[in-house]
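Engineer: My structure is in target_19.txt, and what it holds is compact mmCIF, C-alpha atoms and all ligand atoms:
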# COMPACT_ATOMS: atom_id res chain seq x y z
CA MET A 1 0.00 0.00 0.00
CA SER A 2 1.37 3.37 -0.90
CA PHE A 3 1.17 6.37 1.42
CA ASN A 4 -1.31 8.98 0.35
CA PRO A 5 -0.40 12.29 1.97
CA LEU A 6 -3.69 13.87 1.02
CA LEU A 7 -5.63 11.11 2.70
CA ALA A 8 -3.52 11.43 5.83
CA LEU A 9 -4.10 15.16 5.91
CA SER A 10 -7.83 14.81 5.57
CA ALA A 11 -7.82 12.39 8.49
CA LEU A 12 -5.99 14.91 10.63
CA THR A 13 -7.99 18.04 9.84
CA PRO A 14 -11.55 18.44 11.03
CA PRO A 15 -14.21 18.48 8.31
CA PRO A 16 -14.46 21.96 6.79
CA PRO A 17 -17.50 24.01 7.80
CA ASP A 18 -20.38 23.62 5.45
CA MET A 19 -20.02 26.54 3.06
CA THR A 20 -23.31 25.97 1.37
CA GLU A 21 -25.24 26.90 4.47
CA GLU A 22 -27.00 30.25 4.65
CA TYR A 23 -24.46 32.70 6.09
CA ASP A 24 -24.91 36.46 6.31
CA GLY A 25 -22.19 37.33 8.86
CA LEU A 26 -18.75 38.83 8.32
CA GLU A 27 -16.73 36.95 5.74
CA PHE A 28 -13.17 37.22 4.37
CA ARG A 29 -12.31 35.66 1.05
CA TRP A 30 -8.88 35.19 -0.46
CA LYS A 31 -8.58 32.99 -3.52
CA MET A 32 -9.93 29.61 -2.49
CA LEU A 33 -10.02 30.42 1.20
CA THR A 34 -13.04 31.66 3.08
CA PHE A 35 -12.92 32.81 6.67
CA ARG A 36 -16.17 33.29 8.53
CA PRO A 37 -15.30 34.71 12.00
CA ALA A 38 -18.74 33.92 13.42
CA LEU A 39 -17.95 30.21 13.17
CA PHE A 40 -14.88 30.59 15.40
CA LYS A 41 -16.45 32.40 18.33
CA ILE A 42 -14.99 30.24 21.11
CA GLU A 43 -11.54 30.18 19.57
CA GLY A 44 -11.80 33.95 19.27
CA TYR A 45 -12.58 34.43 22.94
CA PHE A 46 -9.78 32.11 23.89
CA LEU A 47 -7.28 33.95 21.73
CA ALA A 48 -8.43 37.31 23.11
CA ALA A 49 -7.95 36.02 26.66
CA VAL A 50 -4.43 34.82 25.91
CA VAL A 51 -3.50 38.11 24.28
CA ALA A 52 -5.00 40.06 27.20
CA TYR A 53 -3.08 37.92 29.71
CA ILE A 54 0.22 38.45 27.90
CA ALA A 55 -0.44 42.17 27.54
CA PHE A 56 -1.28 42.30 31.25
CA TYR A 57 2.03 40.66 32.06
CA PHE A 58 4.08 43.22 30.15
CA ILE A 59 2.06 46.22 31.27
CA GLY A 60 2.13 45.08 34.92
CA LYS A 61 5.85 44.53 34.78
CA GLN A 62 6.34 47.95 33.26
CA VAL A 63 4.11 49.65 35.87
CA ASN A 64 6.08 48.05 38.71
CA SER A 65 9.41 48.95 37.23
CA SER A 66 8.37 52.56 36.71
CA ARG A 67 6.96 52.78 40.26
CA ALA A 68 10.24 51.59 41.78
CA ASN A 69 12.31 53.84 39.54
CA LYS A 70 10.13 56.85 40.24
CA TRP A 71 10.42 56.36 43.98
CA PHE A 72 14.16 55.92 43.88
CA LYS A 73 14.62 58.91 41.59
CA SER A 74 12.79 61.18 43.99
CA HIS A 75 14.99 59.96 46.85
CA SER A 76 18.28 59.75 44.98
CA ALA A 77 19.42 63.25 45.96
CA LEU A 78 18.99 62.27 49.62
CA TYR A 79 20.86 58.99 49.07
CA GLU A 80 23.64 60.86 47.27
CA SER A 81 23.98 63.28 50.16
CA GLN A 82 24.32 60.36 52.59
CA PHE A 83 26.50 57.82 50.82
CA THR A 84 29.71 57.84 48.88
CA LYS A 85 28.22 54.90 46.92
CA PRO A 86 24.47 55.46 46.99
CA ILE A 87 23.65 52.74 44.46
CA GLN A 88 25.27 49.63 43.03
CA ARG A 89 26.76 49.61 39.56
CA GLY A 90 24.03 49.01 37.00
CA GLY A 91 21.47 50.92 39.07
CA LEU A 92 18.21 49.70 40.49
CA THR A 93 18.19 45.93 40.19
CA GLN A 94 15.13 43.90 39.36
CA ASP A 95 14.68 40.61 41.16
CA GLY A 96 11.76 38.74 39.67
CA ASN A 97 8.78 40.67 38.31
CA SER A 98 7.74 42.65 41.35
CA ASP A 99 10.88 42.96 43.51
CA PHE A 100 13.68 45.49 43.16
CA PHE A 101 16.64 46.42 45.27
CA VAL A 102 19.30 49.04 45.84
CA PHE A 103 22.54 48.59 47.76
CA SER A 104 24.15 51.69 49.26
CA THR A 105 27.39 51.97 51.17
CA GLY A 106 29.94 54.48 52.40
CA ARG A 107 28.44 56.38 55.29
CA ARG A 108 29.21 57.06 58.96
CA ALA A 109 27.62 54.77 61.56
CA ILE A 110 26.43 52.12 59.08
CA SER A 111 28.20 49.59 56.93
CA CYS A 112 25.42 49.47 54.34
CA LEU A 113 21.79 50.04 53.48
CA HIS A 114 19.62 47.56 51.58
CA THR A 115 16.56 49.19 50.03
CA THR A 116 14.11 46.52 48.92
CA PHE A 117 10.89 47.02 46.97
CA THR A 118 8.24 44.34 47.27
CA LEU A 119 5.56 45.53 44.90
CA ARG A 120 2.19 44.01 44.14
CA PRO A 121 2.23 41.18 41.55
CA ARG A 122 0.92 43.44 38.82
CA HIS A 123 2.38 41.17 36.14
CA ASP A 124 0.25 38.22 37.25
CA LEU A 125 -3.48 38.73 36.85
CA PHE A 126 -4.47 35.67 38.89
CA GLN A 127 -2.11 36.38 41.75
CA LEU A 128 -3.26 39.99 41.79
CA ILE A 129 -6.92 38.96 41.98
CA TYR A 130 -6.12 36.40 44.67
CA GLN A 131 -4.21 38.97 46.72
CA THR A 132 -6.99 41.54 46.39
CA LEU A 133 -9.69 39.06 47.40
CA TRP A 134 -7.58 37.87 50.32
CA GLY A 135 -7.33 41.53 51.38
CA PHE A 136 -11.14 41.65 51.57
CA VAL A 137 -11.48 38.36 53.46
CA GLU A 138 -8.68 38.82 55.94
CA LEU A 139 -9.12 42.32 57.29
CA ASP A 140 -5.66 42.41 58.88
CA TYR A 141 -4.07 41.56 55.57
CA LYS A 142 -3.16 44.83 53.93
CA VAL A 143 -2.14 44.79 50.33
CA TYR A 144 0.24 47.54 49.33
CA ASP A 145 3.57 48.21 47.66
CA GLU A 146 6.22 47.91 50.32
CA ILE A 147 9.66 49.46 50.60
CA GLU A 148 12.06 48.29 53.26
CA LEU A 149 15.17 50.20 54.26
CA ASN A 150 17.48 47.87 56.14
CA PHE A 151 20.37 49.79 57.72
CA THR A 152 23.19 47.60 59.02
CA PHE A 153 25.09 49.33 61.82
CA LYS A 154 28.85 49.31 61.95
CA ASP A 155 30.12 47.35 64.90
CA SER A 156 29.82 49.83 67.76
CA SER A 157 29.21 49.67 71.48
CA SER A 158 27.02 52.79 71.16
CA VAL A 159 24.32 50.67 69.55
CA PRO A 160 22.62 48.51 72.16
CA GLU A 161 21.64 44.88 71.71
CA CYS A 162 17.92 45.32 71.96
CA VAL A 163 14.68 44.92 70.04
CA TRP A 164 12.44 47.94 69.75
CA ALA A 165 9.82 49.06 67.23
CA ILE A 166 7.03 51.46 66.35
CA VAL A 167 4.39 49.67 64.28
CA ALA A 168 1.12 50.70 62.60
CA LYS A 169 -1.59 48.74 64.41
CA ASP A 170 -3.06 47.29 61.22
CA GLU A 171 0.40 45.92 60.45
CA LEU A 172 0.83 44.15 63.81
CA LYS A 173 -0.48 40.73 62.82
CA ASN A 174 1.52 40.71 59.61
CA ILE A 175 4.77 41.77 61.25
CA ARG A 176 4.38 39.30 64.11
CA ASN A 177 4.16 36.49 61.59
CA LYS A 178 7.35 37.55 59.86
CA ARG A 179 9.50 38.73 62.74
CA TRP A 180 10.43 36.34 65.51
CA ASP A 181 12.71 39.00 67.02
CA LEU A 182 9.65 41.04 68.02
CA THR A 183 8.59 38.27 70.41
CA PHE A 184 11.18 39.80 72.74
CA THR A 185 8.98 42.85 73.18
CA LYS A 186 5.82 43.94 74.91
CA THR A 187 3.28 45.98 72.96
CA THR A 188 2.08 49.23 74.50
CA ASP A 189 0.49 52.47 73.40
CA ASN A 190 2.45 55.67 73.86
CA SER A 191 0.93 59.11 74.37
CA ALA A 192 3.64 60.72 72.23
CA LEU A 193 2.40 58.79 69.20
CA PRO A 194 -0.89 58.90 67.27
CA PRO A 195 -3.40 56.21 68.34
CA SER A 196 -2.96 54.22 65.13
CA LEU A 197 0.61 53.37 66.14
CA THR A 198 1.94 51.18 68.89
CA VAL A 199 5.33 50.65 70.51
CA MET A 200 6.95 47.24 70.82
CA SER A 201 9.74 47.45 73.35
CA GLU A 202 11.69 45.26 75.73
CA PHE A 203 12.00 48.04 78.30
CA ALA A 204 10.34 51.44 78.68
CA ASP A 205 13.75 53.03 79.13
CA ILE A 206 14.59 52.40 75.47
CA THR A 207 11.32 53.96 74.29
CA GLU A 208 11.79 57.03 76.47
CA ASN A 209 15.24 57.62 75.04
CA LEU A 210 14.23 57.15 71.43
CA LEU A 211 11.09 59.26 71.58
CA LYS A 212 12.96 62.21 73.09
CA THR A 213 13.76 65.15 70.84
CA HIS A 214 17.28 64.86 69.43
CA GLY A 215 18.42 67.91 67.52
CA PRO A 216 16.19 68.05 64.43
CA LEU A 217 14.56 64.69 65.12
CA ALA A 218 11.35 64.28 67.11
CA LEU A 219 9.80 60.95 66.12
CA GLY A 220 6.48 61.56 67.88
CA THR A 221 5.91 64.91 66.19
CA LEU A 222 6.98 63.58 62.81
CA LEU A 223 4.65 60.57 62.94
CA SER A 224 1.75 62.70 64.15
CA ASN A 225 1.69 64.44 60.78
CA PRO A 226 -1.16 62.69 58.90
CA ALA A 227 0.51 63.14 55.51
CA ILE A 228 3.59 61.28 56.77
CA LEU A 229 1.73 58.78 58.92
CA ALA A 230 -0.27 57.60 55.89
CA HIS A 231 2.80 55.90 54.39
CA PHE A 232 4.42 54.68 57.59
CA ARG A 233 4.27 50.94 58.36
CA SER A 234 6.99 50.29 60.92
CA ILE A 235 10.42 51.18 62.17
CA SER A 236 12.45 48.75 64.22
CA LEU A 237 15.81 48.49 65.89
CA THR A 238 16.98 44.91 66.31
CA ASP A 239 19.95 42.75 67.16
CA GLN A 240 18.15 39.48 66.45
CA PRO A 241 17.35 37.60 63.24
CA ARG A 242 13.86 37.38 61.75
CA GLY A 243 13.49 33.68 62.40
CA ARG A 244 14.43 31.78 65.55
CA PRO A 245 18.00 30.55 65.08
CA TYR A 246 18.86 26.89 65.64
CA HIS A 247 22.02 27.63 67.55
CA PRO A 248 23.61 30.58 69.32
CA ILE A 249 24.81 32.99 66.64
CA PRO A 250 28.61 33.33 66.60
CA LEU A 251 29.81 36.77 67.70
CA ALA A 252 31.30 37.55 64.29
CA GLU A 253 27.94 36.97 62.61
CA ARG A 254 25.89 39.19 64.88
CA SER A 255 24.70 42.52 63.53
CA LYS A 256 22.35 45.29 64.54
CA HIS A 257 19.82 46.83 62.20
CA LEU A 258 17.44 49.71 61.89
CA ILE A 259 14.61 48.74 59.57
CA LEU A 260 12.06 51.18 58.14
CA THR A 261 9.10 49.90 56.16
CA LEU A 262 6.91 52.16 54.05
CA ALA A 263 3.96 51.94 51.74
CA VAL A 264 4.88 53.44 48.36
CA PRO A 265 2.88 56.67 48.00
CA SER A 266 1.36 57.80 44.74
CA SER A 267 3.59 60.88 44.87
CA PRO A 268 6.92 59.34 45.79
CA GLU A 269 8.39 62.47 47.40
CA GLU A 270 5.83 62.15 50.20
CA THR A 271 8.03 59.63 51.99
CA LEU A 272 11.13 61.88 51.93
CA PRO A 273 10.64 63.15 55.51
CA LEU A 274 10.39 59.56 56.80
CA VAL A 275 13.52 58.40 55.04
CA LYS A 276 15.37 61.50 56.22
CA ALA A 277 14.25 60.76 59.77
CA ALA A 278 15.56 57.20 59.50
CA PHE A 279 19.04 58.54 58.70
CA GLN A 280 18.80 60.90 61.68
CA LEU A 281 17.68 58.08 63.93
CA VAL A 282 20.65 56.00 62.81
CA ASP A 283 22.94 58.82 63.96
CA VAL A 284 21.09 59.28 67.22
CA ILE A 285 21.38 55.58 68.06
CA ALA A 286 25.04 55.40 67.08
CA GLY A 287 25.86 58.74 68.71
CA GLU A 288 27.13 60.28 65.49
CA GLY A 289 26.47 63.46 63.59
CA GLY A 290 26.37 65.91 66.46
CA TRP A 291 23.31 64.78 68.36
CA GLY A 292 22.79 61.65 70.31
CA VAL A 293 20.63 60.19 72.98
CA GLY A 294 21.30 61.60 76.41
CA ARG A 295 22.68 64.87 75.10
CA SER A 296 20.49 67.92 75.04
CA PRO A 297 20.59 69.78 71.72
CA ALA A 298 21.65 72.94 73.58
CA SER A 299 24.81 71.35 74.89
CA GLY A 300 26.69 72.20 71.76
CA LYS A 301 28.53 70.45 68.97
CA GLY A 302 30.48 67.25 69.03
CA ASN A 303 29.36 63.69 68.90
CA GLY A 304 26.55 62.41 71.02
CA VAL A 305 26.99 59.35 73.16
CA GLY A 306 24.60 56.99 71.41
CA LEU A 307 21.70 54.95 72.73
CA ASN A 308 23.52 52.28 74.67
CA PRO A 309 25.43 54.55 77.07
CA SER A 310 22.22 56.54 77.59
CA LEU A 311 20.28 53.58 78.89
CA ARG A 312 20.09 53.01 82.63
CA PRO A 313 22.63 50.47 83.89
CA GLU A 314 19.74 48.24 85.04
CA THR A 315 18.28 48.24 81.52
CA ARG A 316 21.62 47.23 80.06
CA MET A 317 21.92 44.44 82.62
CA LYS A 318 18.43 43.17 81.85
CA LEU A 319 19.07 43.24 78.10
CA LYS A 320 22.23 41.27 78.59
CA LYS A 321 20.48 38.72 80.77
CA VAL A 322 17.71 38.13 78.21
CA ARG A 323 20.33 37.38 75.57
CA GLU A 324 22.36 35.14 77.81
CA GLU A 325 19.24 33.15 78.60
CA LEU A 326 18.37 32.84 74.93
CA ASP A 327 21.84 31.55 74.13
CA LYS A 328 21.54 29.03 76.96
CA GLU A 329 18.18 27.88 75.65
CA LEU A 330 19.51 27.56 72.12
CA LYS A 331 22.50 25.57 73.34
CA GLU A 332 20.23 23.23 75.30
CA ASP A 333 18.06 22.73 72.24
CA LEU A 334 21.13 21.85 70.26
CA VAL A 335 22.31 19.32 72.86
CA LYS A 336 18.85 17.78 73.03
CA GLU A 337 18.68 17.54 69.27
CA LYS A 338 22.10 15.90 69.12
CA ARG A 339 21.11 13.40 71.79
CA GLU A 340 17.94 12.52 69.93
CA ALA A 341 19.85 12.07 66.71
CA GLN A 342 22.32 9.78 68.48
CA GLU A 343 19.52 7.70 69.96
CA GLU A 344 17.92 7.36 66.57
CA GLU A 345 21.21 6.29 65.09
CA LYS A 346 21.68 3.69 67.81
CA ALA A 347 18.18 2.29 67.27
CA ALA A 348 18.78 2.11 63.52
CA ALA A 349 22.09 0.29 64.05
CA LYS A 350 20.44 -2.20 66.41
CA LYS A 351 17.68 -2.90 63.93
CA LYS A 352 20.18 -3.40 61.14
CA ALA A 353 22.22 -5.85 63.25
CA GLU A 354 19.10 -7.86 64.03
CA GLU A 355 18.12 -7.99 60.40
CA GLU A 356 21.58 -9.19 59.44
CA LYS A 357 21.41 -11.89 62.10
CA LEU A 358 18.06 -13.02 60.77
CA ALA A 359 19.35 -13.13 57.20
CA LYS A 360 22.17 -15.47 58.24
CA LEU A 361 19.79 -18.07 59.68
CA SER A 362 18.31 -20.92 57.66
CA ALA A 363 14.82 -20.52 56.25
CA ALA A 364 13.27 -22.78 58.89
CA ASP A 365 14.98 -20.98 61.75
CA GLN A 366 13.91 -17.65 60.29
CA LYS A 367 10.30 -18.81 60.28
CA LYS A 368 10.54 -20.05 63.85
CA LEU A 369 11.97 -16.77 65.04
CA MET A 370 9.31 -14.73 63.25
CA GLU A 371 6.57 -16.95 64.70
CA ARG A 372 7.99 -16.37 68.18
CA ASP A 373 8.00 -12.59 67.70
CA ARG A 374 4.43 -12.68 66.45
CA LYS A 375 3.24 -14.67 69.49
CA ARG A 376 5.06 -12.34 71.82
CA ALA A 377 3.37 -9.32 70.24
CA MET A 378 -0.03 -11.03 70.46
CA ARG A 379 0.43 -11.86 74.14
CA LYS A 380 1.26 -8.24 74.76
CA THR A 381 -1.95 -6.93 73.16
CA GLN A 382 -4.00 -9.59 74.95
CA SER A 383 -2.69 -8.62 78.37
CA LYS A 384 -3.47 -5.02 77.52
CA THR A 385 -7.11 -5.78 76.67
CA LYS A 386 -7.43 -7.81 79.88
CA VAL A 387 -6.40 -4.81 81.96
CA ARG A 388 -9.22 -2.79 80.41
C1 LIG B 1 18.09 43.01 57.18
O1 LIG B 1 17.79 42.93 58.54
C2 LIG B 1 17.62 41.68 59.14
C3 LIG B 1 17.34 41.82 60.60
O2 LIG B 1 16.00 41.65 60.77
C4 LIG B 1 18.76 40.77 58.84
O3 LIG B 1 18.61 39.51 59.45
C5 LIG B 1 18.89 40.67 57.35
O4 LIG B 1 19.84 39.74 56.99
C6 LIG B 1 19.19 42.04 56.81
N1 LIG B 1 19.63 42.09 55.44
C7 LIG B 1 18.93 42.01 54.31
C8 LIG B 1 19.69 42.09 53.06
O5 LIG B 1 17.73 41.89 54.28
Let me see whether you can do it: turn the structure in this file into structure tokens.
Ligand SMILES: *[C@@H]1O[C@H](CO)[C@@H](O)[C@H](O)[C@H]1NC(C)=O
Structural biologist:
Amino acid sequence: MSFNPLLALSALTPPPPDMTEEYDGLEFRWKMLTFRPALFKIEGYFLAAVVAYIAFYFIGKQVNSSRANKWFKSHSALYESQFTKPIQRGGLTQDGNSDFFVFSTGRRAISCLHTTFTLRPRHDLFQLIYQTLWGFVELDYKVYDEIELNFTFKDSSSVPECVWAIVAKDELKNIRNKRWDLTFTKTTDNSALPPSLTVMSEFADITENLLKTHGPLALGTLLSNPAILAHFRSISLTDQPRGRPYHPIPLAERSKHLILTLAVPSSPEETLPLVKAAFQLVDVIAGEGGWGVGRSPASGKGNGVGLNPSLRPETRMKLKKVREELDKELKEDLVKEKREAQEEEKAAAKKKAEEEKLAKLSAADQKKLMERDRKRAMRKTQSKTKVR
């Protein structure tokens, strides 16, 4: 039998639409071909959906990229005034479709600043819908474009080992889920702050020192301005990681951070005062730049002392004790884990030895031994039922 390509083709293609039928819709003709769009309605919808989805992807991506760039552009003069290297080579870096970051370095008091944008998944229609719906269902779940400024302090004894934060109340649940370090703190309201904010602090002494006026910086007054408050999510000072560590962190790997989180405003320059304040707070905590905690602004120029020396000796003692206890706990966990692992290993080795012994026996002996084990197990369950 010879291969008939025409026959094969006709088997593969669906029967052509009946052209003899009465048809008064739109029609395209080109030589022998006739295209009647009305007959391809479903395919048309499907194609339109695919095109819309792809267009959505590119438009969403573009919107996110321009949002991040716009924000950074309006803050770049401030970054340039603060850092010798305000941005990495190559500029604002995209990480995935909705995340961007900037790395800045070369400034007093801090070794670096990571600015991270976590924008809404505008490139992904389904994810965007899901996120929006989830925002309606879960009232504590706020959907917004987030910017995080993560300042890493230079190693300095002026910066205390403590956890402290001011958080917008509707952000509390969210931040508690993400930040184990905040479990160190107690949550209280503070009269110096607007009622929509709350303080998370280990000791009141820390809060008192940080909410004081330091030169140009008065956090309470700043955050009481509704235009600024609208974009504020949280600010935190921390010496602990975001997740509970599995072992005491080696001294060389410990670092202290000031972390500011913002909601991207529609006019990016609206967050300038907040970002400026974060730089000032860095200096206050580290005792740099002319004003520091514990020094009244009237007392003249020169470096401040920083937050740690300004705390009461009892506070410093208590902070130290909390951390010593944590390290002890972590060490104990580690020992316990090791012991459990060893016991498991021993049990596995014992089982293996028994199996090997069994394998060496003759078939009849093997059967006898298995029968004995079975009886033993049965007797055990029987005695248990008798007790009941
Ligand atoms: C930012 O800060 C946290 C402290 O919560 C730290 O653990 C983290 O590694 C820092 N760095 C970056 C790049 O996020």
Engineer: For CA of Arg242 in chain A and CA of Lys320 in chain A, determine how far apart the two atoms are, in Å to one decimal place.
Structural biologist: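 Atom-to-atom, CA of Arg242 in chain A and CA of Lys320 in chain A are spaced 19.2 Å apart.
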Engineer: If I take CA of Asp99 in chain A and CA of Thr118 in chain A, how far is one from the other in Å, to one decimal?
Structural biologist: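 Separating CA of Asp99 in chain A from CA of Thr118 in chain A is a distance of 4.8 Å.
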Engineer: Pull the closest atom pair for each residue of chain A that gets at most 8 Å from ligand LIG 1 (chain B), along with the distance in Å to one decimal, counting all atoms listed in the file, ordering rows by chain and then ascending residue number, as a tab-separated table.
Structural biologist:
residue	atom	partner	partner_atom	distance
A:His114	CA	B:LIG1	C8	5.7
A:Thr116	CA	B:LIG1	O5	8.0
A:Asn150	CA	B:LIG1	C1	5.0
A:Phe151	CA	B:LIG1	C1	7.2
A:Thr152	CA	B:LIG1	C1	7.1
A:Arg179	CA	B:LIG1	O2	7.4
A:Asp181	CA	B:LIG1	O2	7.5
A:Thr238	CA	B:LIG1	O2	6.5
A:Asp239	CA	B:LIG1	C3	7.1
A:Gln240	CA	B:LIG1	C3	6.4
A:Pro241	CA	B:LIG1	O3	4.4
A:Arg242	CA	B:LIG1	O2	4.9
A:Ser255	CA	B:LIG1	C4	7.8
A:Lys256	CA	B:LIG1	C3	7.3
A:His257	CA	B:LIG1	O1	5.7
A:Leu258	CA	B:LIG1	O1	7.6
A:Ile259	CA	B:LIG1	O1	6.7
Engineer: How many Å separate CA of Gln82 in chain A from CA of Phe103 in chain A?
Structural biologist: 12.8 Å
Engineer: Give me the residues within 10 Å of Leu182 in chain A as a ChimeraX atom specification, counting all atoms listed in the file and dropping any in the same chain fewer than 4 places off.
Structural biologist: /A:163-165,175-178,186-187,200-202,236-238,240-242
Engineer: Counting all atoms listed in the file, which of A:Asp145, A:Leu125, A:Arg372, A:Val137 gets nearest to Ala49 in chain A?
Structural biologist: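 Result for the nearest residue to Ala49 in chain A: A:Leu125.
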Engineer: Within 8 Å of Thr115 in chain A, counting all atoms listed in the file, which residues show up once you throw out same-chain ones fewer than 2 positions away? Write them as a PDB file with C-alpha atoms, in the coordinates of the input, please.
Structural biologist:
ATOM      1  CA  PHE A 101      16.640  46.420  45.270  1.00  0.00           C
ATOM      2  CA  VAL A 102      19.300  49.040  45.840  1.00  0.00           C
ATOM      3  CA  PHE A 103      22.540  48.590  47.760  1.00  0.00           C
ATOM      4  CA  LEU A 113      21.790  50.040  53.480  1.00  0.00           C
ATOM      5  CA  PHE A 117      10.890  47.020  46.970  1.00  0.00           C
ATOM      6  CA  ILE A 147       9.660  49.460  50.600  1.00  0.00           C
ATOM      7  CA  GLU A 148      12.060  48.290  53.260  1.00  0.00           C
ATOM      8  CA  LEU A 149      15.170  50.200  54.260  1.00  0.00           C
ATOM      9  CA  ASN A 150      17.480  47.870  56.140  1.00  0.00           C
TER      10      ASN A 150
END
Engineer: So that I can see what lies close to Leu222 in chain A, please list as a PDB file with C-alpha atoms, in the frame of the given file the residues with an atom at most 10 Å from it, counting all atoms listed in the file and leaving out residues fewer than 3 positions away in the same chain.
Structural biologist:
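Saved file result_8.pdb follows:
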ATOM      1  CA  LEU A 193       2.400  58.790  69.200  1.00  0.00           C
ATOM      2  CA  LEU A 217      14.560  64.690  65.120  1.00  0.00           C
ATOM      3  CA  ALA A 218      11.350  64.280  67.110  1.00  0.00           C
ATOM      4  CA  LEU A 219       9.800  60.950  66.120  1.00  0.00           C
ATOM      5  CA  ASN A 225       1.690  64.440  60.780  1.00  0.00           C
ATOM      6  CA  PRO A 226      -1.160  62.690  58.900  1.00  0.00           C
ATOM      7  CA  ALA A 227       0.510  63.140  55.510  1.00  0.00           C
ATOM      8  CA  ILE A 228       3.590  61.280  56.770  1.00  0.00           C
ATOM      9  CA  LEU A 229       1.730  58.780  58.920  1.00  0.00           C
ATOM     10  CA  PRO A 273      10.640  63.150  55.510  1.00  0.00           C
ATOM     11  CA  LEU A 274      10.390  59.560  56.800  1.00  0.00           C
ATOM     12  CA  ALA A 277      14.250  60.760  59.770  1.00  0.00           C
TER      13      ALA A 277
END
Engineer: With distances taken over all atoms listed in the file, which of A:Leu334, A:Ala230, A:Ala278, A:Ala341 is nearest to Tyr246 in chain A?
Structural biologist: A:Leu334
Engineer: Which one of A:Ser104, A:Ser310, A:Ser266, A:Ser158 sits closest to Asn209 in chain A if you count all atoms listed in the file?
Structural biologist: A:Ser310
